[in-house]
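Student: If you scroll down you'll find the structure; I have some questions about it.
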Amino acid sequence: MSDIDPKSFFPAQPFGDISEVTPLTGGLSGDAVFVVETQAGGFVLRLFKRDRSQWEQGVIMQALAAERGVAPQLVLVDKYRSATISSKVKGVPLGFAAAQPELRDAVLASLAAQIRALHQTPTAGLGPRQPLRMGQQLWQSQSRRPGFPAWALPLGDKLMPIERQLATDTRLVFSHCDLNPANGIWDGQQVWFVDWDGAGLAHPYLDAAVAANFLVLSASEARRLLQAQEADAVSVEQEATFAALRALAYLIYGCVFLSLAPDLTAVTFADRPTTLTLSQCFERLARGELNLQSPSGQALVGAALLRALAAS
């Protein structure tokens, strides 16, 4: 894959001459992603490096979301090389935009509106995602690893009450299922969602729960996000389900980030009170003091997510 020339995916018709190719770094999927500027405009080329069936699902999901104005339009699909070309959204990452006080309200309002629009997509033929099972499996695999932070081991006890709460509301809607800030772009007017390989049917509150966690929303901000998404007040029981999904998302992503570090014993974990918070991790990332491509950076973000779970 590394020997493939990104320009070879862009035929002269309709793209014209290519003026610039810029690799995008920082993602954790392992896919090769490029921003390509052509006579016809800017585009994003993604070369998928994982299971082909997952790529095929992502293409279907993005096309459905694009019809709702939630995802960028697919311009070209190369089935032979598992690649897609999408229209480039000019903007800034969701996390950066939401951190700007003058933009925050507008960004969160658009985020809620886009999640609501996504949930209105017809679901015939779509397969369900199973975040609870994913969380259980990830916890089993990661909590047993040598070097796993000892203070986090009791957090596995949270899985049973999460399961009981989610059993009270089994609704499923079309969901992105991975609304971390890297998968959202603010164009100045609205939020767009990208990277659709994990999309499918899930609980209506899952996307808002994931976004609320990574945007480090306060309890009141998260409640307003959910109310805006639902376009209505939410009950105590609905808030409990939302809280359960936020807790599950903390556990899943905490374990995912820890799983990226091949040797947890090589990472020095602080005790719970002195473990970095998610906000502190983001501040260090912005200053270049923490690297998400390094095992230690990945493990520290994982621990920060588990610290948030402990406080939930």
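A note on labels: chains of the structure tokens are A, B, ... as shown, every chain counts residues from 1, and ligands are counted from 1 in their shown order.
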Looking only at strand (DSSP E) from DSSP on the backbone, list the matching residues of stretch 94-282 of chain A as a list in words.
Tutor: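 Going through stretch 94-282 of chain A, the strand (DSSP E) residues come out as Val173, Phe174, Ser175, Gly184, Ile185, Trp186, Val191, Trp192, Phe193, Gly200, Leu201 and Ala202 of chain A.
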Student: Keeping C-alpha atoms for every residue in the selection just given, could you write it to a file as a PDB file, in the first residue's frame?
Tutor:
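Output below, filename part05.pdb:
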ATOM      1  CA  VAL A 173     -31.236   4.018  15.368  1.00  0.00           C
ATOM      2  CA  PHE A 174     -28.658   4.726  12.669  1.00  0.00           C
ATOM      3  CA  SER A 175     -25.601   5.994  14.557  1.00  0.00           C
ATOM      4  CA  GLY A 184     -16.070  15.784  13.434  1.00  0.00           C
ATOM      5  CA  ILE A 185     -15.342  18.927  11.402  1.00  0.00           C
ATOM      6  CA  TRP A 186     -16.804  22.408  11.974  1.00  0.00           C
ATOM      7  CA  VAL A 191     -20.640  20.005  12.020  1.00  0.00           C
ATOM      8  CA  TRP A 192     -19.810  17.212   9.592  1.00  0.00           C
ATOM      9  CA  PHE A 193     -19.057  13.609  10.603  1.00  0.00           C
ATOM     10  CA  GLY A 200     -24.538   1.011  12.407  1.00  0.00           C
ATOM     11  CA  LEU A 201     -27.586   0.641  14.610  1.00  0.00           C
ATOM     12  CA  ALA A 202     -27.107   1.695  18.223  1.00  0.00           C
TER      13      ALA A 202
END
Student: Which residues are near A:Ala231? Cut-off 12 Å, only C-alpha atoms, ignore same chain within fewer than 6 positions. Put them as a list in words.
Tutor: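 Those residues are Ala109, Ala112, Ala113, Ile115, Arg116, Ala117, Arg223, Arg224 and Leu225 of chain A.
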Student: With the cut-off set at 12 Å and counting only C-alpha atoms, tabulate each residue of stretch 71-140 of chain A with an atom at most that distance from an atom of stretch 30-41 of chain A, showing the nearest atom pair and its distance in Å to one decimal, ordered by chain and increasing number, as CSV.
Tutor:
residue,atom,partner,partner_atom,distance
A:Val75,CA,A:Ala40,CA,11.4
A:Ser82,CA,A:Asp31,CA,10.5
A:Ala83,CA,A:Ala32,CA,9.5
A:Thr84,CA,A:Val33,CA,9.8
A:Ile85,CA,A:Val36,CA,9.4
A:Ser86,CA,A:Val35,CA,9.7
A:Ser87,CA,A:Gly41,CA,8.3
A:Lys88,CA,A:Val35,CA,7.6
A:Val89,CA,A:Val35,CA,10.3
A:Lys90,CA,A:Val35,CA,10.9
Student: Those selected residues, please, written with C-alpha atoms and delivered as a JSON list (two decimals), in the first residue's frame.
Tutor:
[["chain", "number", "residue", "atom", "x", "y", "z"],
["A", 75, "VAL", "CA", -17.10, 11.27, -5.17],
["A", 82, "SER", "CA", -10.55, -0.41, -1.10],
["A", 83, "ALA", "CA", -10.31, 3.34, -1.45],
["A", 84, "THR", "CA", -12.71, 6.25, -1.37],
["A", 85, "ILE", "CA", -12.53, 9.87, -2.49],
["A", 86, "SER", "CA", -14.79, 12.29, -0.63],
["A", 87, "SER", "CA", -15.41, 15.99, -0.94],
["A", 88, "LYS", "CA", -13.15, 17.92, 1.39],
["A", 89, "VAL", "CA", -14.90, 19.86, 4.15],
["A", 90, "LYS", "CA", -13.08, 23.11, 4.80]]
Student: Could you check which of A:Pro128, A:Pro262, A:Gly156, A:Pro161 is closest to A:Gln140, using only C-alpha atoms?
Tutor: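 Under the stated criterion, the closest residue is A:Gly156.
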Student: For a quick check of understanding, using only C-alpha atoms, which of A:Gln229, A:Leu276, A:Asn213, A:Gly58 has the smallest distance to A:Leu290?
Tutor: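 The answer is A:Leu276, which sits nearest to A:Leu290.
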Student: Could you go through stretch 8-177 of chain A and tell me which residues DSSP, when run on the backbone, assigns to alpha helix (DSSP H), listing them as a PyMOL selection string?
Tutor: chain A and resi 12-15+52-67+94-98+101-119+131-143+159-166
Student: What would the file look like if the residues just selected were written as a compact mmCIF listing (two decimals), in the first residue's frame with C-alpha atoms?
Tutor:
# COMPACT_ATOMS: atom_id res chain seq x y z
CA ALA A 12 -8.04 13.55 -15.40
CA GLN A 13 -11.82 13.52 -15.80
CA PRO A 14 -13.37 14.88 -13.66
CA PHE A 15 -10.52 16.00 -11.38
CA ARG A 52 -12.64 -5.35 3.45
CA SER A 53 -16.16 -6.05 4.70
CA GLN A 54 -15.70 -3.25 7.22
CA TRP A 55 -14.67 -0.93 4.40
CA GLU A 56 -17.72 -1.91 2.34
CA GLN A 57 -19.98 -1.19 5.32
CA GLY A 58 -18.33 2.19 5.81
CA VAL A 59 -19.00 3.14 2.19
CA ILE A 60 -22.69 2.29 2.56
CA MET A 61 -22.95 4.17 5.85
CA GLN A 62 -21.25 7.30 4.54
CA ALA A 63 -23.48 7.35 1.48
CA LEU A 64 -26.59 7.15 3.67
CA ALA A 65 -25.31 9.89 5.98
CA ALA A 66 -24.37 12.10 3.04
CA GLU A 67 -28.00 11.99 1.87
CA LEU A 94 -14.76 19.51 16.24
CA GLY A 95 -12.76 19.50 19.46
CA PHE A 96 -10.89 22.69 18.54
CA ALA A 97 -14.09 24.50 17.54
CA ALA A 98 -15.97 23.44 20.67
CA PRO A 101 -15.96 30.13 23.87
CA GLU A 102 -17.40 32.25 21.06
CA LEU A 103 -18.21 29.13 18.99
CA ARG A 104 -19.13 26.61 21.64
CA ASP A 105 -22.91 27.12 21.74
CA ALA A 106 -23.25 27.09 17.94
CA VAL A 107 -21.02 24.02 17.60
CA LEU A 108 -22.94 22.03 20.22
CA ALA A 109 -26.28 23.07 18.72
CA SER A 110 -25.16 21.85 15.28
CA LEU A 111 -23.75 18.65 16.79
CA ALA A 112 -27.13 17.87 18.34
CA ALA A 113 -28.97 18.72 15.11
CA GLN A 114 -26.70 16.49 13.03
CA ILE A 115 -27.08 13.57 15.41
CA ARG A 116 -30.86 14.02 15.24
CA ALA A 117 -30.76 14.11 11.43
CA LEU A 118 -28.66 10.96 11.37
CA HIS A 119 -31.14 9.14 13.59
CA PRO A 131 -21.09 -1.62 22.43
CA LEU A 132 -21.92 -3.44 25.67
CA ARG A 133 -20.45 -6.69 24.41
CA MET A 134 -17.47 -4.77 23.06
CA GLY A 135 -16.94 -3.19 26.46
CA GLN A 136 -17.15 -6.53 28.23
CA GLN A 137 -14.67 -8.14 25.86
CA LEU A 138 -12.24 -5.23 25.99
CA TRP A 139 -12.35 -5.14 29.76
CA GLN A 140 -11.63 -8.85 29.99
CA SER A 141 -8.67 -8.60 27.65
CA GLN A 142 -7.13 -5.38 28.97
CA SER A 143 -7.67 -5.63 32.73
CA LEU A 159 -20.41 -3.19 33.82
CA MET A 160 -23.29 -5.00 35.53
CA PRO A 161 -25.28 -1.86 36.50
CA ILE A 162 -24.61 -0.45 33.02
CA GLU A 163 -26.07 -3.62 31.51
CA ARG A 164 -29.14 -3.45 33.77
CA GLN A 165 -29.81 0.17 32.87
CA LEU A 166 -29.42 -0.35 29.13
Student: Could you state the separation of atom CA of A:Thr265 and atom CA of A:Gly147 in Å, given to one decimal place?
Tutor: 4.2 Å
Student: As an exercise, work out the distance from atom CA of A:Ala304 to atom CA of A:Trp151 in Å and give it to one decimal place.
Tutor: 12.1 Å
Student: So, with only C-alpha atoms as the atoms that count, which of A:Asp5, A:Gln190, A:Pro122, A:Asn291 lies closest to A:Pro72?
Tutor: A:Gln190
Student: Which of these, A:Pro146, A:Arg272, A:Val194, A:Ile4, has the shortest distance to A:Pro93 once you count only C-alpha atoms?
Tutor: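 Using only C-alpha atoms, the shortest distance to A:Pro93 belongs to A:Val194.
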Student: From the set A:Ala211, A:Leu74, A:Val92, A:Leu126, which residue has the shortest atom-to-atom contact distance to A:Tyr253, counting only C-alpha atoms?
Tutor: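 When distances to A:Tyr253 are compared using only C-alpha atoms, the smallest one comes from A:Ala211.
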Student: Just give me the gap between atom CA of A:Gly125 and atom CA of A:Arg171 in Å, one decimal is fine.
Tutor: 16.0 Å
Student: I need the residue nearest A:Phe257 from this list: A:Phe48, A:Trp196, A:Phe10, A:Phe148. Use only C-alpha atoms for the distance.
Tutor: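 Of the candidates, the smallest distance to A:Phe257 is held by A:Phe148.
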